[in-house]
file model-v9.cif (mmCIF, C-alpha atoms and all ligand atoms)
data_run
loop_
_atom_site.label_atom_id
_atom_site.label_comp_id
_atom_site.auth_asym_id
_atom_site.auth_seq_id
_atom_site.Cartn_x
_atom_site.Cartn_y
_atom_site.Cartn_z
CA MET U 1 -2.38 -18.30 3.65
CA THR U 2 -1.72 -21.77 2.33
CA GLU U 3 1.26 -23.81 1.19
CA THR U 4 0.56 -22.56 -2.34
CA THR U 5 0.64 -18.83 -1.53
CA LEU U 6 3.00 -17.30 -4.09
CA PRO U 7 4.47 -13.85 -4.69
CA ILE U 8 2.36 -11.75 -7.08
CA ILE U 9 4.01 -10.44 -10.25
CA ASN U 10 2.69 -7.30 -11.98
CA PRO U 11 3.63 -7.68 -15.68
CA LEU U 12 2.97 -3.98 -16.31
CA LEU U 13 5.80 -2.95 -13.98
CA CYS U 14 8.17 -5.74 -15.09
CA THR U 15 11.03 -4.79 -17.45
CA ARG U 16 11.99 -8.47 -18.11
CA CYS U 17 15.42 -7.91 -16.54
CA SER U 18 15.44 -11.59 -15.40
CA LEU U 19 17.05 -10.84 -12.02
CA CYS U 20 14.31 -12.73 -10.18
CA VAL U 21 14.59 -15.74 -12.50
CA THR U 22 18.38 -15.85 -12.23
CA TYR U 23 18.64 -15.44 -8.47
CA CYS U 24 15.65 -17.40 -7.17
CA PRO U 25 17.41 -19.89 -4.86
CA GLU U 26 14.79 -22.56 -5.60
CA ASP U 27 14.71 -22.13 -9.39
CA ALA U 28 10.97 -21.59 -9.07
CA LEU U 29 10.68 -19.01 -11.87
CA ARG U 30 11.16 -18.98 -15.63
CA MET U 31 10.98 -16.12 -18.11
CA THR U 32 8.09 -16.05 -20.59
CA ASP U 33 6.96 -13.51 -23.18
CA GLN U 34 4.62 -12.08 -20.55
CA GLY U 35 7.36 -11.82 -17.89
CA PRO U 36 8.43 -14.22 -15.16
CA ALA U 37 6.10 -17.10 -14.34
CA PHE U 38 6.20 -19.90 -11.80
CA ASN U 39 7.98 -22.88 -13.25
CA HIS U 40 7.91 -24.98 -10.10
CA PRO U 41 5.45 -23.26 -7.73
CA VAL U 42 5.79 -25.98 -5.10
CA THR U 43 9.50 -25.27 -4.73
CA CYS U 44 8.91 -21.58 -3.90
CA THR U 45 9.63 -21.15 -0.20
CA TYR U 46 8.29 -17.58 -0.06
CA CYS U 47 11.79 -16.44 0.92
CA LEU U 48 11.04 -12.89 -0.38
CA ASP U 49 14.39 -12.72 -2.25
CA CYS U 50 12.75 -12.00 -5.63
CA GLU U 51 10.67 -9.18 -4.14
CA GLY U 52 13.78 -7.59 -2.63
CA LEU U 53 15.79 -7.98 -5.85
CA CYS U 54 13.21 -6.66 -8.29
CA PRO U 55 14.29 -3.11 -9.21
CA THR U 56 10.86 -2.03 -10.42
CA GLY U 57 8.60 -3.18 -7.59
CA ALA U 58 6.90 -5.67 -9.93
CA ILE U 59 6.97 -8.49 -7.38
CA ARG U 60 4.88 -8.34 -4.22
CA ALA U 61 5.07 -10.91 -1.44
CA PRO U 62 2.61 -9.75 1.24
CA LEU U 63 2.76 -10.93 4.84
CA THR U 64 -0.31 -11.22 7.07
CA VAL U 65 0.29 -10.26 10.70
CA ILE U 66 -1.72 -12.27 13.24
CA TRP U 67 -1.62 -13.29 16.89
CA LYS U 68 -0.64 -16.86 17.69
CA ASP U 69 -4.15 -17.83 18.82
CA GLN U 70 -5.48 -16.77 15.40
CA SER U 71 -2.95 -18.82 13.43
CA SER U 72 -4.91 -22.08 13.55
CA ASN U 73 -7.75 -20.33 11.69
CA HIS U 74 -5.46 -19.17 8.94
CA ASN U 75 -3.51 -22.32 8.15
CA MET S 1 -22.15 8.95 -17.58
CA THR S 2 -23.18 10.09 -14.11
CA VAL S 3 -22.54 8.30 -10.84
CA GLU S 4 -25.37 7.35 -8.50
CA LEU S 5 -25.60 9.57 -5.43
CA ASP S 6 -25.42 6.42 -3.29
CA GLN S 7 -21.89 5.85 -4.54
CA ILE S 8 -20.91 9.43 -3.74
CA ASN S 9 -22.35 9.02 -0.25
CA ALA S 10 -20.29 5.84 0.23
CA ILE S 11 -17.21 8.03 0.73
CA PRO S 12 -17.41 8.94 4.44
CA ALA S 13 -15.71 12.34 4.07
CA PHE S 14 -18.26 13.41 1.44
CA SER S 15 -20.97 13.45 4.10
CA SER S 16 -19.78 16.94 5.05
CA LEU S 17 -20.49 18.25 1.52
CA LEU S 18 -23.62 20.21 0.62
CA PRO S 19 -26.23 18.29 -1.42
CA GLU S 20 -25.58 20.47 -4.49
CA THR S 21 -21.85 19.74 -4.30
CA ARG S 22 -22.50 16.00 -4.14
CA LEU S 23 -24.84 16.33 -7.11
CA ALA S 24 -22.19 18.25 -9.08
CA ILE S 25 -19.63 15.52 -8.32
CA SER S 26 -22.06 12.78 -9.35
CA ARG S 27 -22.64 14.52 -12.70
CA ARG S 28 -18.93 14.83 -13.46
CA ALA S 29 -17.48 11.65 -11.96
CA PHE S 30 -17.33 8.14 -13.36
CA ILE S 31 -16.58 4.75 -11.85
CA ARG S 32 -13.38 2.86 -12.67
CA THR S 33 -12.78 -0.72 -11.62
CA LEU S 34 -9.43 -2.47 -11.80
CA PRO S 35 -8.29 -5.99 -10.90
CA ILE S 36 -5.54 -6.75 -8.38
CA GLY S 37 -1.96 -6.04 -9.46
CA ASN S 38 -2.88 -3.39 -12.01
CA THR S 39 -1.18 -0.06 -12.61
CA LEU S 40 -3.64 2.80 -12.23
CA ILE S 41 -1.27 5.65 -13.15
CA LEU S 42 2.43 5.96 -13.94
CA GLU S 43 4.91 8.31 -12.26
CA GLY S 44 6.00 11.11 -14.61
CA ALA S 45 2.98 10.86 -16.93
CA PRO S 46 0.59 13.84 -17.23
CA ALA S 47 -1.86 13.98 -14.30
CA GLU S 48 -5.21 13.46 -16.02
CA TYR S 49 -7.43 12.11 -13.26
CA GLY S 50 -7.96 12.28 -9.53
CA TYR S 51 -9.62 9.42 -7.66
CA PHE S 52 -11.38 8.52 -4.43
CA ILE S 53 -11.30 4.87 -3.35
CA LEU S 54 -14.76 3.30 -3.03
CA ASP S 55 -13.48 -0.20 -2.45
CA GLY S 56 -10.09 -1.92 -2.26
CA GLU S 57 -6.49 -0.93 -1.58
CA VAL S 58 -3.79 0.84 -3.59
CA ARG S 59 -0.10 1.54 -3.03
CA ALA S 60 2.08 4.41 -4.27
CA LEU S 61 5.54 3.68 -5.69
CA ARG S 62 8.27 6.10 -6.72
CA MET S 63 11.65 5.74 -8.43
CA ASN S 64 14.49 6.69 -6.06
CA PRO S 65 17.73 8.40 -7.19
CA GLU S 66 19.44 4.98 -7.54
CA GLY S 67 16.80 3.96 -10.07
CA ARG S 68 15.04 1.54 -7.73
CA ILE S 69 11.35 1.59 -6.97
CA GLN S 70 10.46 2.64 -3.45
CA VAL S 71 7.11 2.13 -1.73
CA LEU S 72 5.72 5.43 -0.44
CA ALA S 73 2.35 4.62 1.11
CA ARG S 74 -0.80 2.51 1.05
CA PHE S 75 -4.31 3.83 0.64
CA SER S 76 -7.73 2.35 1.36
CA VAL S 77 -11.46 3.14 1.27
CA GLY S 78 -12.26 6.84 1.32
CA ASP S 79 -8.73 7.99 0.53
CA PRO S 80 -8.13 10.44 -2.32
CA LEU S 81 -5.51 9.56 -4.95
CA ASN S 82 -3.34 11.75 -7.20
CA ILE S 83 -4.83 14.97 -5.86
CA ILE S 84 -1.45 16.63 -5.17
CA SER S 85 -0.37 15.89 -8.76
CA LEU S 86 -3.56 17.47 -10.11
CA LEU S 87 -3.17 20.59 -7.99
CA SER S 88 0.53 21.03 -8.73
CA LYS S 89 1.66 23.53 -11.33
CA ASP S 90 3.28 20.97 -13.64
CA GLN S 91 0.35 18.49 -13.37
CA VAL S 92 2.58 15.42 -13.54
CA ASN S 93 1.85 12.19 -11.64
CA ARG S 94 4.03 12.22 -8.50
CA ALA S 95 3.96 8.43 -8.11
CA THR S 96 2.92 5.20 -9.74
CA LEU S 97 -0.27 3.73 -8.23
CA GLU S 98 -0.73 -0.04 -8.15
CA THR S 99 -3.82 -1.92 -7.01
CA LEU S 100 -3.34 -4.34 -4.08
CA SER S 101 -6.82 -5.86 -4.47
CA PRO S 102 -9.71 -5.49 -6.91
CA VAL S 103 -10.46 -1.77 -6.69
CA THR S 104 -13.47 0.46 -7.38
CA LEU S 105 -12.72 4.14 -7.79
CA LEU S 106 -14.64 7.34 -8.21
CA ALA S 107 -12.77 9.19 -10.96
CA LEU S 108 -12.72 12.88 -11.85
CA SER S 109 -10.87 14.35 -14.82
CA ALA S 110 -8.37 17.18 -14.24
CA VAL S 111 -10.77 19.68 -15.83
CA ASP S 112 -13.76 18.59 -13.72
CA PHE S 113 -11.59 18.52 -10.63
CA SER S 114 -10.42 22.08 -11.25
CA GLN S 115 -14.00 23.27 -11.86
CA LEU S 116 -15.25 21.63 -8.66
CA THR S 117 -12.49 23.24 -6.59
CA SER S 118 -13.16 26.69 -8.02
CA ILE S 119 -16.98 26.58 -7.83
CA TYR S 120 -17.68 24.62 -4.64
CA ALA S 121 -15.94 26.02 -1.55
CA ASP S 122 -16.94 23.01 0.59
CA PHE S 123 -15.18 20.67 -1.88
CA SER S 124 -12.00 22.80 -1.60
CA SER S 125 -12.29 22.75 2.21
CA LEU S 126 -12.60 18.97 2.14
CA LEU S 127 -9.39 18.72 0.13
CA LEU S 128 -7.67 20.95 2.69
CA GLN S 129 -8.85 18.54 5.38
CA PHE S 130 -7.31 15.64 3.48
CA PHE S 131 -4.03 17.53 3.20
CA ALA S 132 -4.16 18.44 6.91
CA GLU S 133 -4.62 14.74 7.76
CA ARG S 134 -1.67 13.72 5.60
CA LEU S 135 0.46 16.46 7.11
CA THR S 136 -0.51 15.31 10.60
CA LYS S 137 0.51 11.75 9.72
CA ILE S 138 3.88 12.96 8.45
CA THR S 139 4.38 15.14 11.53
CA ASN S 140 3.51 12.21 13.82
CA LEU S 141 5.93 9.99 11.95
CA ALA S 142 8.65 12.65 12.26
CA ALA S 143 7.98 12.83 16.01
CA ASP S 144 8.14 9.02 16.24
CA LEU S 145 11.39 8.99 14.31
CA SER S 146 13.04 11.23 16.86
CA LEU S 147 11.44 9.56 19.89
CA TYR S 148 11.48 5.85 19.18
CA ALA S 149 13.96 3.38 17.73
CA VAL S 150 12.94 1.69 14.50
CA ARG S 151 12.69 -1.55 16.51
CA ALA S 152 10.00 0.08 18.68
CA ARG S 153 8.15 1.48 15.67
CA LEU S 154 8.13 -1.94 14.03
CA ALA S 155 6.91 -3.70 17.20
CA ARG S 156 4.14 -1.13 17.57
CA PHE S 157 3.02 -1.46 13.97
CA LEU S 158 2.98 -5.27 14.12
CA ILE S 159 0.74 -5.13 17.20
CA GLU S 160 -1.50 -2.58 15.46
CA LEU S 161 -1.89 -4.79 12.37
CA ALA S 162 -2.54 -7.97 14.37
CA ASP S 163 -5.16 -6.22 16.54
CA LEU S 164 -7.21 -5.02 13.56
CA THR S 165 -10.47 -6.85 12.93
CA PRO S 166 -11.09 -8.09 10.38
CA SER S 167 -7.43 -8.89 9.62
CA PRO S 168 -6.16 -6.47 7.00
CA SER S 169 -4.71 -7.75 3.74
CA GLY S 170 -1.01 -8.54 3.80
CA TRP S 171 1.76 -5.95 3.91
CA THR S 172 5.14 -6.38 2.21
CA GLN S 173 8.39 -5.58 3.99
CA ASP S 174 8.78 -2.46 1.79
CA GLU S 175 5.28 -1.26 2.70
CA ILE S 176 5.91 -1.83 6.41
CA ALA S 177 9.23 0.04 6.05
CA ALA S 178 7.55 2.99 4.30
CA HIS S 179 4.90 3.16 7.01
CA ILE S 180 7.35 3.24 9.92
CA GLY S 181 9.95 5.46 8.23
CA SER S 182 12.62 2.83 7.58
CA VAL S 183 13.95 0.65 4.76
CA ARG S 184 13.25 -2.92 3.72
CA ASP S 185 16.62 -4.36 4.78
CA VAL S 186 16.28 -2.99 8.31
CA VAL S 187 12.74 -4.37 8.63
CA GLY S 188 13.99 -7.77 7.41
CA ARG S 189 16.84 -7.75 9.93
CA LEU S 190 14.59 -6.72 12.82
CA LEU S 191 12.05 -9.44 11.96
CA ARG S 192 14.89 -11.98 12.13
CA ASP S 193 15.94 -10.50 15.51
CA PHE S 194 12.34 -10.66 16.81
CA GLU S 195 12.12 -14.27 15.70
CA ALA S 196 15.42 -15.18 17.39
CA ALA S 197 14.17 -13.53 20.61
CA GLY S 198 10.91 -15.55 20.54
CA LEU S 199 8.66 -12.53 19.92
CA ILE S 200 7.38 -13.69 16.55
CA GLN S 201 7.40 -16.69 14.28
CA ARG S 202 7.54 -16.39 10.51
CA GLN S 203 5.97 -18.90 8.22
CA ARG S 204 4.99 -18.73 4.57
CA GLY S 205 3.23 -15.40 4.10
CA GLN S 206 2.58 -14.88 7.80
CA ILE S 207 4.13 -13.11 10.74
CA ILE S 208 2.73 -14.74 13.87
CA LEU S 209 3.04 -12.65 17.03
CA LEU S 210 3.84 -14.89 19.98
CA ASP S 211 4.32 -12.70 23.02
CA ARG S 212 2.27 -9.52 23.52
CA GLN S 213 4.11 -8.44 26.67
CA LYS S 214 7.55 -8.68 25.12
CA LEU S 215 6.35 -6.92 21.99
CA MET S 216 4.77 -4.15 24.07
CA ALA S 217 8.07 -3.74 25.91
CA ALA S 218 9.92 -3.57 22.58
CA ALA S 219 7.39 -0.96 21.39
CA GLN S 220 8.42 1.37 24.22
CA ASP S 221 12.11 1.25 23.35
CA GLN S 222 13.24 4.89 23.11
CA ASP S 223 16.84 4.12 22.18
CA THR S 224 16.93 5.85 18.78
S1 LIG U 301 9.91 -16.11 -2.97
FE1 LIG U 301 12.00 -16.99 -3.04
S2 LIG U 301 11.66 -19.08 -3.70
FE2 LIG U 301 9.77 -17.99 -4.20
S3 LIG U 301 10.05 -17.30 -6.31
FE3 LIG U 301 10.77 -15.64 -5.00
S4 LIG U 301 13.00 -15.98 -4.79
FE4 LIG U 301 12.07 -17.88 -5.55
S1 LIG U 302 13.23 -8.76 -11.28
FE1 LIG U 302 11.31 -7.62 -11.54
S2 LIG U 302 11.59 -6.44 -13.41
FE2 LIG U 302 13.14 -8.08 -13.41
S3 LIG U 302 12.16 -9.78 -14.53
FE3 LIG U 302 11.75 -10.11 -12.36
S4 LIG U 302 9.74 -9.14 -12.04
FE4 LIG U 302 10.52 -8.36 -13.97
#
call {"tool": "encode", "arguments": {"input": "model-v9.cif", "output": "structure tokens"}}
result
Amino acid sequence: MTETTLPIINPLLCTRCSLCVTYCPEDALRMTDQGPAFNHPVTCTYCLDCEGLCPTGAIRAPLTVIWKDQSSNHN
Amino acid sequence: MTVELDQINAIPAFSSLLPETRLAISRRAFIRTLPIGNTLILEGAPAEYGYFILDGEVRALRMNPEGRIQVLARFSVGDPLNIISLLSKDQVNRATLETLSPVTLLALSAVDFSQLTSIYADFSSLLLQFFAERLTKITNLAADLSLYAVRARLARFLIELADLTPSPSGWTQDEIAAHIGSVRDVVGRLLRDFEAAGLIQRQRGQIILLDRQKLMAAAQDQDT
């Protein structure tokens, strides 16, 4: 995982409802013809709000589970 | 197009099949590859194919009565996909399947699948084994639900994931919730509680487990 890890959006499951774009607290997303896209990726804090809001499961924000002594290898 | 026998043998459970059954599968099956984040099948559509995962991970999603998508389960190498839909009377896909990584699948059409189950008894027995395993998982989860608090089930699953080598790919809160028999909001709340209690630390895309002893103690919590 790095500072640029971003939620993954599956355009095939997206209905373009715009909920994620509207409610992203960091204004990181914008709507395009292909569905939501990252407008300002660096502002995304990986807060998981968009994943929880999306009614169709189109957004996925996976979390890796590791022990503390492993974390230095993953940063 | 036939599939190489090597690819058939790459599915561990197929090792119990007779050589002629493996040959029959190789003559009927084909390989499908999909990139990450792709939809393999859609819930409600006619069930046309069954699959076995050769490489990669897939998750099953289903629409709940409130019209929201719910994560049902995750599948990995060796697991069969869409078999229940193919064997059901109405032959409709029970769930949407989405790839969580680049995926390679062994695919069988509904017709070929039906022929294999009626001609090759060992193939049918293998499917029964798969169903028995799934049923066992569900039974174990039901037992866990009555024995352990969701807090304990979450602590146990976090330890399990962190102990796996190599580290598995990431899990979402919905996927964790589906696996431990809970819902996303509860998992989110418990992760915040664990963090406040110094058991874990969350940072971008990671859950870092800080204290094995405290997590083990939480995993024994029987207060359901
Ligand atoms: S994870 Fe949070 S900050 Fe990033 S796009 Fe989604 S809602 Fe916005
Ligand atoms: S909330 Fe989901 S369905 Fe709606 S626009 Fe965003 S990704 Fe698409």
call {"tool": "residues_around", "arguments": {"input": "model-v9.cif", "residues": "range 46-56 of chain U", "least_positions_apart": "2", "cutoff": "7 Å", "atoms": "only C-alpha atoms", "output": "count of residues only"}}
result
15
call {"tool": "interface_residues", "arguments": {"input": "model-v9.cif", "of": "chain U", "to": "chain S", "cutoff": "8 Å", "atoms": "only C-alpha atoms", "output": "ChimeraX atom specification"}}
result
/U:1-3,5,8-10,12-13,45-46,52,55-57,60-68,71
call {"tool": "residues_around", "arguments": {"input": "model-v9.cif", "residues": "Asn9 in chain S", "least_positions_apart": "3", "cutoff": "12 Å", "atoms": "all atoms listed in the file", "output": "list in words"}}
result
Val3, Glu4, Leu5, Asp6, Pro12, Ala13, Phe14, Ser15, Ser16, Leu17, Leu18, Pro19, Thr21, Arg22, Leu23, Ile25, Ser26, Phe52, Leu54, Gly78 and Leu106 of chain S
call {"tool": "write_last_selection", "arguments": {"input": "model-v9.cif", "atoms": "C-alpha atoms", "output": "PDB file, in the coordinates of the input"}}
result
ATOM      1  CA  VAL S   3     -22.540   8.300 -10.840  1.00  0.00           C
ATOM      2  CA  GLU S   4     -25.370   7.350  -8.500  1.00  0.00           C
ATOM      3  CA  LEU S   5     -25.600   9.570  -5.430  1.00  0.00           C
ATOM      4  CA  ASP S   6     -25.420   6.420  -3.290  1.00  0.00           C
ATOM      5  CA  PRO S  12     -17.410   8.940   4.440  1.00  0.00           C
ATOM      6  CA  ALA S  13     -15.710  12.340   4.070  1.00  0.00           C
ATOM      7  CA  PHE S  14     -18.260  13.410   1.440  1.00  0.00           C
ATOM      8  CA  SER S  15     -20.970  13.450   4.100  1.00  0.00           C
ATOM      9  CA  SER S  16     -19.780  16.940   5.050  1.00  0.00           C
ATOM     10  CA  LEU S  17     -20.490  18.250   1.520  1.00  0.00           C
ATOM     11  CA  LEU S  18     -23.620  20.210   0.620  1.00  0.00           C
ATOM     12  CA  PRO S  19     -26.230  18.290  -1.420  1.00  0.00           C
ATOM     13  CA  THR S  21     -21.850  19.740  -4.300  1.00  0.00           C
ATOM     14  CA  ARG S  22     -22.500  16.000  -4.140  1.00  0.00           C
ATOM     15  CA  LEU S  23     -24.840  16.330  -7.110  1.00  0.00           C
ATOM     16  CA  ILE S  25     -19.630  15.520  -8.320  1.00  0.00           C
ATOM     17  CA  SER S  26     -22.060  12.780  -9.350  1.00  0.00           C
ATOM     18  CA  PHE S  52     -11.380   8.520  -4.430  1.00  0.00           C
ATOM     19  CA  LEU S  54     -14.760   3.300  -3.030  1.00  0.00           C
ATOM     20  CA  GLY S  78     -12.260   6.840   1.320  1.00  0.00           C
ATOM     21  CA  LEU S 106     -14.640   7.340  -8.210  1.00  0.00           C
TER      22      LEU S 106
END
call {"tool": "atom_distance", "arguments": {"input": "model-v9.cif", "atom1": "CA of Glu133 in chain S", "atom2": "CA of Leu105 in chain S"}}
result
20.5 Å
call {"tool": "residues_near_point", "arguments": {"input": "model-v9.cif", "point": "(9.2, 3.1, 21.2)", "cutoff": "8 Å", "atoms": "all atoms listed in the file", "output": "mmCIF file with C-alpha atoms, in the coordinates of the input"}}
result
data_model
loop_
_atom_site.group_PDB
_atom_site.id
_atom_site.type_symbol
_atom_site.label_atom_id
_atom_site.label_comp_id
_atom_site.auth_asym_id
_atom_site.auth_seq_id
_atom_site.Cartn_x
_atom_site.Cartn_y
_atom_site.Cartn_z
ATOM 1 C CA ASP S 144 8.140 9.020 16.240
ATOM 2 C CA LEU S 147 11.440 9.560 19.890
ATOM 3 C CA TYR S 148 11.480 5.850 19.180
ATOM 4 C CA ALA S 149 13.960 3.380 17.730
ATOM 5 C CA VAL S 150 12.940 1.690 14.500
ATOM 6 C CA ARG S 151 12.690 -1.550 16.510
ATOM 7 C CA ALA S 152 10.000 0.080 18.680
ATOM 8 C CA ARG S 153 8.150 1.480 15.670
ATOM 9 C CA ARG S 156 4.140 -1.130 17.570
ATOM 10 C CA ALA S 218 9.920 -3.570 22.580
ATOM 11 C CA ALA S 219 7.390 -0.960 21.390
ATOM 12 C CA GLN S 220 8.420 1.370 24.220
ATOM 13 C CA ASP S 221 12.110 1.250 23.350
ATOM 14 C CA GLN S 222 13.240 4.890 23.110
ATOM 15 C CA ASP S 223 16.840 4.120 22.180
#
call {"tool": "axis_aligned_box", "arguments": {"input": "model-v9.cif", "around": "ligand LIG 301 (chain U)", "padding_each_side": "8 Å", "output": "AutoDock Vina command-line options"}}
result
--center_x 11.4 --center_y -17.4 --center_z -4.6 --size_x 19.2 --size_y 19.4 --size_z 19.3
call {"tool": "atom_distance", "arguments": {"input": "model-v9.cif", "atom1": "atom S4 of ligand LIG 301 (chain U)", "atom2": "CA of Leu72 in chain S"}}
result
23.0 Å
call {"tool": "atom_distance", "arguments": {"input": "model-v9.cif", "atom1": "CA of Thr43 in chain U", "atom2": "CA of Val21 in chain U"}}
result
13.3 Å
call {"tool": "closest_residue", "arguments": {"input": "model-v9.cif", "among": "U:Leu29, U:Cys17, U:Gly35, U:Thr4", "to": "ligand LIG 301 (chain U)", "atoms": "all atoms listed in the file"}}
result
U:Leu29
call {"tool": "closest_residue", "arguments": {"input": "model-v9.cif", "among": "U:Arg16, U:Gln70, U:Ala37, U:Thr32", "to": "ligand LIG 301 (chain U)", "atoms": "all atoms listed in the file"}}
result
U:Ala37
call {"tool": "decode", "arguments": {"input": "model-v9.cif", "residues": "range 59-72 of chain U", "atoms": "C-alpha atoms", "output": "short mmCIF file (atom, residue, chain, number, x, y, z; two decimals), in the first residue's frame"}}
result
data_model
loop_
_atom_site.label_atom_id
_atom_site.label_comp_id
_atom_site.auth_asym_id
_atom_site.auth_seq_id
_atom_site.Cartn_x
_atom_site.Cartn_y
_atom_site.Cartn_z
CA ILE U 59 -16.56 0.80 -5.51
CA ARG U 60 -14.08 -1.41 -3.69
CA ALA U 61 -11.60 -0.14 -1.11
CA PRO U 62 -9.67 -3.20 0.10
CA LEU U 63 -7.74 -3.27 3.37
CA THR U 64 -4.64 -5.40 3.91
CA VAL U 65 -4.36 -6.90 7.39
CA ILE U 66 -0.81 -7.20 8.73
CA TRP U 67 1.08 -7.44 12.02
CA LYS U 68 2.91 -4.36 13.22
CA ASP U 69 6.36 -5.87 12.60
CA GLN U 70 5.40 -6.41 8.94
CA SER U 71 4.22 -2.83 8.39
CA SER U 72 7.66 -1.40 7.63
#
